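Novice: Data: start_32.pdb, PDB, C-alpha atoms.
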```
ATOM      1  CA  MET A 138     120.712  97.556  99.255
ATOM      2  CA  SER A 139     117.629  99.585  98.487
ATOM      3  CA  SER A 140     116.520 100.402  95.006
ATOM      4  CA  PRO A 141     115.413 103.753  93.677
ATOM      5  CA  VAL A 142     111.768 104.570  94.164
ATOM      6  CA  ASP A 143     109.462 106.736  92.137
ATOM      7  CA  PRO A 144     109.978 110.199  93.638
ATOM      8  CA  SER A 145     106.370 111.036  92.926
ATOM      9  CA  LEU A 146     105.339 108.936  95.905
ATOM     10  CA  PRO A 147     104.962 111.331  98.831
ATOM     11  CA  GLY A 148     106.682 110.185 101.943
ATOM     12  CA  ALA A 149     108.326 107.353 100.141
ATOM     13  CA  SER A 150     110.635 109.009  97.665
ATOM     14  CA  ALA A 151     113.818 107.635  99.122
ATOM     15  CA  GLN A 152     112.451 104.567 100.691
ATOM     16  CA  ALA A 153     112.223 100.985  99.870
ATOM     17  CA  LEU A 154     108.988 100.370  98.084
ATOM     18  CA  GLU A 155     111.127  98.420  95.675
ATOM     19  CA  GLY A 156     113.548  96.690  97.928
ATOM     20  CA  PRO A 157     114.972  93.268  98.291
ATOM     21  CA  PRO A 158     112.677  90.369  98.806
ATOM     22  CA  LEU A 159     111.960  88.838 102.125
ATOM     23  CA  THR A 160     114.217  86.406 103.847
ATOM     24  CA  THR A 161     111.764  84.590 106.077
ATOM     25  CA  ASP A 162     109.973  81.473 104.981
ATOM     26  CA  ALA A 163     107.231  81.796 107.565
ATOM     27  CA  GLN A 164     104.574  81.921 104.867
ATOM     28  CA  SER A 165     106.036  79.219 102.694
ATOM     29  CA  THR A 166     103.684  77.776 100.173
ATOM     30  CA  SER A 167     104.028  74.264  98.900
ATOM     31  CA  HIS A 168     103.601  73.307  95.263
ATOM     32  CA  ASP A 169     103.988  70.297  93.084
ATOM     33  CA  GLY A 170     106.550  70.558  90.326
ATOM     34  CA  PRO A 171     109.469  72.956  90.150
ATOM     35  CA  SER A 172     110.149  75.288  93.045
ATOM     36  CA  ASP A 173     109.603  79.028  92.743
ATOM     37  CA  VAL A 174     113.355  79.521  92.580
ATOM     38  CA  ASP A 175     113.600  76.960  89.776
ATOM     39  CA  LEU A 176     110.953  78.879  87.863
ATOM     40  CA  MET A 177     112.786  82.164  88.399
ATOM     41  CA  THR A 178     115.958  80.533  87.124
ATOM     42  CA  GLY A 179     114.029  79.393  84.071
ATOM     43  CA  ILE A 180     112.734  82.898  83.489
ATOM     44  CA  GLN A 181     116.244  84.256  83.807
ATOM     45  CA  THR A 182     117.292  81.968  80.982
ATOM     46  CA  GLY A 183     114.381  83.130  78.823
ATOM     47  CA  ASP A 184     112.023  80.180  79.208
ATOM     48  CA  PRO A 185     108.417  81.345  78.636
ATOM     49  CA  ASP A 186     107.025  78.132  80.118
ATOM     50  CA  ALA A 187     108.627  79.015  83.440
ATOM     51  CA  LEU A 188     106.813  82.348  83.406
ATOM     52  CA  SER A 189     103.602  80.560  82.477
ATOM     53  CA  GLN A 190     103.912  78.294  85.515
ATOM     54  CA  LEU A 191     104.803  81.143  87.827
ATOM     55  CA  TYR A 192     101.789  83.049  86.552
ATOM     56  CA  ASP A 193      99.475  80.101  87.162
ATOM     57  CA  ARG A 194     100.850  79.783  90.673
ATOM     58  CA  TYR A 195     100.658  83.405  91.788
ATOM     59  CA  ASN A 196      98.346  85.434  89.563
ATOM     60  CA  GLY A 197      95.576  85.219  92.142
ATOM     61  CA  ILE A 198      97.727  86.605  94.951
ATOM     62  CA  VAL A 199      99.251  89.326  92.807
ATOM     63  CA  LYS A 200      95.889  90.385  91.451
ATOM     64  CA  ALA A 201      94.359  90.434  94.928
ATOM     65  CA  LEU A 202      97.118  92.746  96.109
ATOM     66  CA  VAL A 203      96.821  95.052  93.121
ATOM     67  CA  LEU A 204      93.032  95.071  93.342
ATOM     68  CA  ARG A 205      93.213  95.879  97.047
ATOM     69  CA  ILE A 206      95.301  98.940  96.212
ATOM     70  CA  ILE A 207      93.545 100.352  93.169
ATOM     71  CA  HIS A 208      89.966  99.092  93.625
ATOM     72  CA  ASN A 209      89.339  98.723  89.914
ATOM     73  CA  GLU A 210      88.940  95.368  88.243
ATOM     74  CA  THR A 211      89.965  96.437  84.738
ATOM     75  CA  GLU A 212      93.009  98.346  85.926
ATOM     76  CA  ALA A 213      93.941  95.436  88.153
ATOM     77  CA  ASP A 214      93.932  93.071  85.171
ATOM     78  CA  ASP A 215      96.081  95.482  83.181
ATOM     79  CA  LEU A 216      98.504  95.860  86.068
ATOM     80  CA  LEU A 217      98.629  92.131  86.602
ATOM     81  CA  GLN A 218      99.841  91.739  83.038
ATOM     82  CA  GLU A 219     102.354  94.583  83.505
ATOM     83  CA  VAL A 220     103.679  93.084  86.725
ATOM     84  CA  PHE A 221     104.347  89.702  85.155
ATOM     85  CA  LEU A 222     105.913  91.384  82.146
ATOM     86  CA  GLU A 223     108.163  93.259  84.560
ATOM     87  CA  ILE A 224     108.992  89.980  86.279
ATOM     88  CA  TRP A 225     110.034  88.650  82.890
ATOM     89  CA  ASN A 226     112.069  91.739  82.033
ATOM     90  CA  GLN A 227     113.642  92.234  85.464
ATOM     91  CA  ALA A 228     114.254  88.592  86.351
ATOM     92  CA  LYS A 229     117.992  89.129  86.087
ATOM     93  CA  ASN A 230     117.741  91.357  89.176
ATOM     94  CA  PHE A 231     116.281  88.585  91.303
ATOM     95  CA  SER A 232     118.694  86.814  93.613
ATOM     96  CA  ALA A 233     117.673  83.717  95.523
ATOM     97  CA  GLN A 234     120.355  84.553  98.079
ATOM     98  CA  LYS A 235     118.441  87.661  99.077
ATOM     99  CA  GLY A 236     115.030  86.089  99.425
ATOM    100  CA  LYS A 237     112.077  84.278  97.951
ATOM    101  CA  PRO A 238     110.472  84.919  94.571
ATOM    102  CA  LEU A 239     107.039  85.678  96.034
ATOM    103  CA  GLY A 240     108.416  88.461  98.221
ATOM    104  CA  TRP A 241     110.172  89.965  95.230
ATOM    105  CA  MET A 242     107.023  89.743  93.125
ATOM    106  CA  VAL A 243     104.851  91.272  95.823
ATOM    107  CA  THR A 244     107.263  94.161  96.220
ATOM    108  CA  LEU A 245     107.202  94.806  92.468
ATOM    109  CA  ALA A 246     103.423  94.544  92.318
ATOM    110  CA  ARG A 247     102.826  96.845  95.246
ATOM    111  CA  ARG A 248     105.175  99.522  93.945
ATOM    112  CA  ARG A 249     103.596  99.394  90.517
ATOM    113  CA  ALA A 250     100.045  99.488  91.876
ATOM    114  CA  ILE A 251     100.728 102.438  94.171
ATOM    115  CA  ASP A 252     102.490 104.184  91.330
ATOM    116  CA  ALA A 253      99.474 103.613  89.101
ATOM    117  CA  LEU A 254      97.119 104.747  91.829
ATOM    118  CA  ARG A 255      98.811 108.110  91.948
ATOM    119  CA  LYS A 256      99.843 108.580  88.340
ATOM    120  CA  ARG A 257      96.453 107.759  86.914
ATOM    121  CA  GLN A 258      94.802 109.987  89.468
ATOM    122  CA  ALA A 259      92.633 107.101  90.507
ATOM    123  CA  TYR A 260      93.173 108.103  94.092
ATOM    124  CA  ALA A 261      90.116 110.318  94.224
ATOM    125  CA  ARG A 262      87.936 107.696  92.603
ATOM    126  CA  ALA A 263      89.093 105.026  95.017
ATOM    127  CA  GLU A 264      88.428 107.456  97.829
ATOM    128  CA  GLU A 265      84.835 107.829  96.712
ATOM    129  CA  ARG A 266      84.397 104.090  96.524
ATOM    130  CA  LEU A 267      85.845 103.640  99.970
ATOM    131  CA  LYS A 268      83.590 106.323 101.398
ATOM    132  CA  ALA A 269      80.637 104.562  99.841
ATOM    133  CA  GLU A 270      81.399 101.425 101.782
ATOM    134  CA  PRO A 271      82.705 102.564 105.170
ATOM    135  CA  GLU A 272      81.436  99.473 106.905
ATOM    136  CA  ARG A 273      84.073  97.473 105.064
ATOM    137  CA  GLN A 274      86.964  99.499 106.432
ATOM    138  CA  PRO A 275      89.404  98.566 107.760
ATOM    139  CA  LEU A 276      88.238  94.984 108.020
ATOM    140  CA  ALA A 277      87.954  94.664 104.256
ATOM    141  CA  TRP A 278      91.636  93.933 104.513
ATOM    142  CA  VAL A 279      90.849  90.453 105.678
ATOM    143  CA  GLN A 280      87.614  90.271 103.776
ATOM    144  CA  ASN A 281      85.882  86.966 103.302
ATOM    145  CA  THR A 282      87.889  85.271 105.977
ATOM    146  CA  THR A 283      85.523  83.045 107.862
ATOM    147  CA  ALA A 284      86.180  81.207 111.075
ATOM    148  CA  GLU A 285      86.110  77.992 109.106
ATOM    149  CA  GLU A 286      88.832  79.246 106.795
ATOM    150  CA  ILE A 287      90.941  80.389 109.718
ATOM    151  CA  THR A 288      90.836  76.970 111.289
ATOM    152  CA  SER A 289      91.671  75.315 107.975
ATOM    153  CA  GLY A 290      95.279  76.184 108.576
ATOM    154  CA  ASP A 291      96.185  77.379 105.102
ATOM    155  CA  THR A 292      98.709  80.127 104.688
ATOM    156  CA  ARG A 293      96.259  82.838 103.775
ATOM    157  CA  ALA A 294      94.057  82.106 106.751
ATOM    158  CA  LEU A 295      97.072  82.219 109.046
ATOM    159  CA  MET A 296      98.153  85.565 107.690
ATOM    160  CA  ALA A 297      94.634  86.928 107.846
ATOM    161  CA  LYS A 298      94.319  85.710 111.395
ATOM    162  CA  VAL A 299      97.524  87.438 112.423
ATOM    163  CA  ILE A 300      96.413  90.710 110.906
ATOM    164  CA  SER A 301      92.836  90.537 112.084
ATOM    165  CA  SER A 302      94.078  89.988 115.639
ATOM    166  CA  LEU A 303      95.356  93.561 115.699
ATOM    167  CA  PRO A 304      93.210  96.288 117.207
ATOM    168  CA  GLU A 305      91.133  97.933 114.490
ATOM    169  CA  ALA A 306      92.907 101.248 115.003
ATOM    170  CA  GLN A 307      96.233  99.599 114.155
ATOM    171  CA  GLN A 308      94.748  97.729 111.201
ATOM    172  CA  GLN A 309      93.430 100.989 109.847
ATOM    173  CA  VAL A 310      96.742 102.852 109.806
ATOM    174  CA  ILE A 311      98.655  99.864 108.438
ATOM    175  CA  ASP A 312      96.024  99.431 105.768
ATOM    176  CA  LEU A 313      96.400 103.058 104.698
ATOM    177  CA  ALA A 314     100.195 102.861 104.733
ATOM    178  CA  PHE A 315     100.621  99.538 102.973
ATOM    179  CA  PHE A 316      97.681  99.297 100.612
ATOM    180  CA  ARG A 317      97.343 102.960  99.777
ATOM    181  CA  GLY A 318     100.940 104.093 100.050
ATOM    182  CA  MET A 319     100.144 106.911 102.447
ATOM    183  CA  SER A 320     102.824 108.613 104.515
ATOM    184  CA  GLN A 321     102.295 109.103 108.226
ATOM    185  CA  ARG A 322     101.308 112.727 107.636
ATOM    186  CA  GLU A 323      98.822 111.731 104.958
ATOM    187  CA  ILE A 324      97.299 109.169 107.287
ATOM    188  CA  ALA A 325      97.062 111.757 110.056
ATOM    189  CA  ALA A 326      95.322 114.185 107.723
ATOM    190  CA  HIS A 327      93.047 111.494 106.302
ATOM    191  CA  THR A 328      91.942 110.157 109.668
ATOM    192  CA  ASN A 329      92.196 113.278 111.841
ATOM    193  CA  ILE A 330      94.448 111.337 114.178
ATOM    194  CA  PRO A 331      97.501 113.097 115.679
ATOM    195  CA  LEU A 332     100.720 112.324 113.837
ATOM    196  CA  GLY A 333     102.336 110.871 116.945
ATOM    197  CA  THR A 334      99.425 108.494 117.417
ATOM    198  CA  VAL A 335      99.647 107.373 113.803
ATOM    199  CA  LYS A 336     103.331 106.611 114.257
ATOM    200  CA  THR A 337     102.738 104.690 117.484
ATOM    201  CA  ARG A 338      99.924 102.640 115.965
ATOM    202  CA  LEU A 339     101.984 101.826 112.902
ATOM    203  CA  GLU A 340     104.985 100.793 114.960
ATOM    204  CA  LEU A 341     102.958  98.640 117.336
ATOM    205  CA  GLY A 342     100.913  96.997 114.606
ATOM    206  CA  LEU A 343     103.869  96.203 112.374
ATOM    207  CA  LYS A 344     105.848  94.850 115.316
ATOM    208  CA  LYS A 345     103.002  92.529 116.262
ATOM    209  CA  ILE A 346     102.711  91.214 112.714
ATOM    210  CA  TYR A 347     106.471  90.832 112.427
ATOM    211  CA  ASP A 348     106.684  88.989 115.752
ATOM    212  CA  SER A 349     103.787  86.733 114.775
ATOM    213  CA  LEU A 350     105.540  85.884 111.519
ATOM    214  CA  LYS A 351     108.645  84.946 113.450
ATOM    215  CA  GLU A 352     106.613  82.704 115.720
ATOM    216  CA  LEU A 353     104.958  81.071 112.723
ATOM    217  CA  LYS A 354     108.342  80.518 111.169
ATOM    218  CA  ASP A 355     109.589  78.868 114.336
ATOM    219  CA  GLU A 356     106.523  76.628 114.478
ATOM    220  CA  LEU A 357     106.946  75.641 110.838
TER
ATOM    221  CA  MET B 104     118.926 105.792 118.020
ATOM    222  CA  SER B 105     118.856 102.499 119.916
ATOM    223  CA  PHE B 106     118.659  99.244 117.957
ATOM    224  CA  GLU B 107     115.086  98.766 119.127
ATOM    225  CA  GLU B 108     114.198 102.201 117.770
ATOM    226  CA  PHE B 109     116.006 101.295 114.576
ATOM    227  CA  GLN B 110     113.917  98.124 114.302
ATOM    228  CA  ASN B 111     110.705 100.123 114.684
ATOM    229  CA  SER B 112     111.853 102.494 111.966
ATOM    230  CA  ALA B 113     112.940  99.626 109.710
ATOM    231  CA  ARG B 114     109.445  98.178 109.705
ATOM    232  CA  LEU B 115     108.087 101.559 108.645
ATOM    233  CA  TYR B 116     110.876 101.932 106.094
ATOM    234  CA  VAL B 117     110.088  98.757 104.184
ATOM    235  CA  ILE B 118     106.504  99.844 103.620
ATOM    236  CA  GLY B 119     107.602 103.351 102.637
ATOM    237  CA  ALA B 120     106.021 105.056 105.631
ATOM    238  CA  LEU B 121     108.975 106.940 107.095
ATOM    239  CA  GLU B 122     108.745 110.704 106.888
ATOM    240  CA  PRO B 123     111.701 112.473 105.208
ATOM    241  CA  GLU B 124     113.100 113.796 108.481
ATOM    242  CA  GLU B 125     112.891 110.316 110.022
ATOM    243  CA  LEU B 126     114.622 108.855 107.017
ATOM    244  CA  GLN B 127     117.783 110.858 107.708
ATOM    245  CA  ASP B 128     118.026 109.504 111.251
ATOM    246  CA  PHE B 129     117.239 106.032 109.992
ATOM    247  CA  GLU B 130     119.972 106.083 107.368
ATOM    248  CA  ALA B 131     122.473 107.356 109.941
ATOM    249  CA  ALA B 132     121.561 104.530 112.330
ATOM    250  CA  ARG B 133     121.685 102.056 109.474
ATOM    251  CA  LYS B 134     125.328 102.914 108.896
ATOM    252  CA  VAL B 135     126.094 102.632 112.602
ATOM    253  CA  TYR B 136     124.513  99.182 112.946
ATOM    254  CA  GLY B 137     125.985  97.913 109.663
ATOM    255  CA  VAL B 138     125.429  94.253 108.825
ATOM    256  CA  ALA B 139     122.925  93.728 111.631
ATOM    257  CA  ALA B 140     120.869  96.590 110.252
ATOM    258  CA  GLU B 141     120.894  95.201 106.711
ATOM    259  CA  GLU B 142     119.935  91.744 107.912
ATOM    260  CA  PHE B 143     117.054  93.128 109.925
ATOM    261  CA  ILE B 144     115.801  95.235 107.030
ATOM    262  CA  ASN B 145     115.841  92.178 104.771
ATOM    263  CA  GLN B 146     113.804  90.268 107.325
ATOM    264  CA  CYS B 147     111.280  93.088 107.466
ATOM    265  CA  TYR B 148     110.355  92.478 103.842
ATOM    266  CA  SER B 149     108.486  89.415 105.080
ATOM    267  CA  LEU B 150     105.776  91.936 105.952
ATOM    268  CA  HIS B 151     105.125  92.499 102.245
ATOM    269  CA  GLU B 152     104.506  88.849 101.597
ATOM    270  CA  ALA B 153     102.366  88.527 104.703
ATOM    271  CA  PHE B 154     100.063  91.331 103.635
ATOM    272  CA  ALA B 155      99.648  89.880 100.158
ATOM    273  CA  LEU B 156      99.008  86.400 101.474
ATOM    274  CA  SER B 157      96.363  87.715 103.854
ATOM    275  CA  LEU B 158      94.142  88.559 100.894
ATOM    276  CA  LYS B 159      91.791  86.160  99.227
ATOM    277  CA  PRO B 160      93.233  85.379  95.766
ATOM    278  CA  ALA B 161      91.413  87.189  92.978
ATOM    279  CA  LYS B 162      90.419  85.626  89.708
ATOM    280  CA  ALA B 163      92.049  87.118  86.647
ATOM    281  CA  SER B 164      90.676  87.121  83.141
ATOM    282  CA  ALA B 165      92.015  84.233  81.055
ATOM    283  CA  ALA B 166      92.780  86.706  78.295
ATOM    284  CA  ILE B 167      95.433  88.347  80.492
ATOM    285  CA  LYS B 168      97.660  85.318  80.466
ATOM    286  CA  ASP B 169      97.164  84.813  76.740
ATOM    287  CA  ARG B 170      98.223  88.405  76.058
ATOM    288  CA  LEU B 171     101.163  88.166  78.445
ATOM    289  CA  MET B 172     102.524  84.990  76.928
ATOM    290  CA  ALA B 173     102.046  86.287  73.387
ATOM    291  CA  MET B 174     104.065  89.410  74.279
ATOM    292  CA  VAL B 175     106.815  87.370  75.894
ATOM    293  CA  ARG B 176     107.106  84.951  72.991
ATOM    294  CA  GLU B 177     107.110  87.831  70.510
ATOM    295  CA  ARG B 178     109.950  89.492  72.407
ATOM    296  CA  ASN B 179     111.871  86.244  72.464
ATOM    297  CA  GLU B 180     111.457  85.868  68.714
ATOM    298  CA  ARG B 181     112.536  89.452  68.067
ATOM    299  CA  GLN B 182     115.632  88.984  70.190
ATOM    300  CA  SER B 183     116.564  85.750  68.488
ATOM    301  CA  GLN B 184     116.193  87.363  65.056
ATOM    302  CA  SER B 185     118.116  90.549  65.799
ATOM    303  CA  PRO B 186     121.790  90.460  64.748
ATOM    304  CA  PRO B 187     124.346  90.403  67.565
ATOM    305  CA  LYS B 188     125.811  93.774  68.462
ATOM    306  CA  SER B 189     129.431  94.190  67.457
TER
END
```
Could you write out this file's structure as structure tokens?
Specialist:
Amino acid sequence: MSSPVDPSLPGASAQALEGPPLTTDAQSTSHDGPSDVDLMTGIQTGDPDALSQLYDRYNGIVKALVLRIIHNETEADDLLQEVFLEIWNQAKNFSAQKGKPLGWMVTLARRRAIDALRKRQAYARAEERLKAEPERQPLAWVQNTTAEEITSGDTRALMAKVISSLPEAQQQVIDLAFFRGMSQREIAAHTNIPLGTVKTRLELGLKKIYDSLKELKDEL
Amino acid sequence: MSFEEFQNSARLYVIGALEPEELQDFEAARKVYGVAAEEFINQCYSLHEAFALSLKPAKASAAIKDRLMAMVRERNERQSQSPPKS
């Protein structure tokens, strides 16, 4: 089921940074025109217009994710282009039976961004930037989410609300694991928190988010 | 490993946060729980989408799409011009 992962990623060498896409539709997004799956089918048959539409639909989300990981606007633009080129080249590996296109794209984008973060040795530079703005951590994760936006009911606000409802300590470790690709040991070393505490916080935080997603799915 | 423990590990697994020694136990439990394990792991990938959707969309340079589409169309043309492999 799982796909091979870049072995240069500490703590993740045999894990599923590039795995199958999600199966829940709790965060479904509605669009006019062809569905995401229709667009993926078009891409699989070599239709550039399908890729163009998919890009228009999701470039903002993909870039936000990449930017959140590498903290560099120029690199994020380059990676955005690489991710969509990979979507084009790897479309044959997408299966609608296994999940939704957005989940597949996010998984590709995250793996590529974390890979770039380490390979280009941008890690240290990002570290400096993060240290320069400690007041934004870990809440930068849900940056710019206002109460008004949360009550607007859009998908992003719902997701941000779920995540921001976690205790900050749990947000912090999940942020480091997901957006910076850190292993539990790396998080423990980075934060001076005992390894067991890191594990507990990760487990609790991820379970809460997962359970909230299930509830949202049921409501939708 | 109980199924609840497996579920906790699965959520760490999908974000690549299991330590190597935990991964061995996880893979062993994954075999034991079979189809139920695979189904749960698939569901856990919803976490990826949730994290991405929690972010405010970022604006990309218009030139990125132009470059991307030019590359894709060029590849398509190259492929259509190349002779079929015998």
Novice: Mind giving me the straight-line distance from CA of Arg178 in chain B to CA of Asn209 in chain A in Å, one decimal?
Specialist: 28.6 Å
Novice: Quick one: which residues end up in the ChimeraX specification (/A :<7) & /B for this structure, as a ChimeraX atom specification?
Specialist: /B:111,114,116-123,145-153,155-163,167,171,175-176
Novice: Kindly give the distance, in Å, that separates CA of Ile144 in chain B and CA of Ala113 in chain B, rounded to a single decimal.
Specialist: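 It comes out at 5.9 Å.
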Novice: Rounded to one decimal place, report the CA of Ala132 in chain B-CA of Met104 in chain B distance in Å.
Specialist: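 Distance between the two atoms: 6.4 Å.
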Novice: Around all listed atoms of range 170-174 of chain B, padded 4 Å per side, what centre and edge lengths does the axis-aligned box have in Å to one decimal, as AutoDock Vina command-line options?
Specialist:
```
--center_x 101.1 --center_y 87.2 --center_z 75.9 --size_x 13.8 --size_y 12.4 --size_z 13.1
```
Novice: Hey, what's within 12 Å of range 169-171 of chain A if we count all atoms listed in the file and toss same-chain stuff fewer than 2 positions away? As a list in words, please?
Specialist: Thr166, Ser167, Asp173, Val174, Asp175, Leu176, Met177, Thr178, Gly179, Asp186, Ala187, Leu188, Gln190, Leu191 and Arg194 of chain A
Novice: Those residues with C-alpha atoms, as an mmCIF file, in the coordinates of the input please?
Specialist:
```cif
data_model
loop_
_atom_site.group_PDB
_atom_site.id
_atom_site.type_symbol
_atom_site.label_atom_id
_atom_site.label_comp_id
_atom_site.auth_asym_id
_atom_site.auth_seq_id
_atom_site.Cartn_x
_atom_site.Cartn_y
_atom_site.Cartn_z
ATOM 1 C CA THR A 166 103.684 77.776 100.173
ATOM 2 C CA SER A 167 104.028 74.264 98.900
ATOM 3 C CA ASP A 173 109.603 79.028 92.743
ATOM 4 C CA VAL A 174 113.355 79.521 92.580
ATOM 5 C CA ASP A 175 113.600 76.960 89.776
ATOM 6 C CA LEU A 176 110.953 78.879 87.863
ATOM 7 C CA MET A 177 112.786 82.164 88.399
ATOM 8 C CA THR A 178 115.958 80.533 87.124
ATOM 9 C CA GLY A 179 114.029 79.393 84.071
ATOM 10 C CA ASP A 186 107.025 78.132 80.118
ATOM 11 C CA ALA A 187 108.627 79.015 83.440
ATOM 12 C CA LEU A 188 106.813 82.348 83.406
ATOM 13 C CA GLN A 190 103.912 78.294 85.515
ATOM 14 C CA LEU A 191 104.803 81.143 87.827
ATOM 15 C CA ARG A 194 100.850 79.783 90.673
#
```
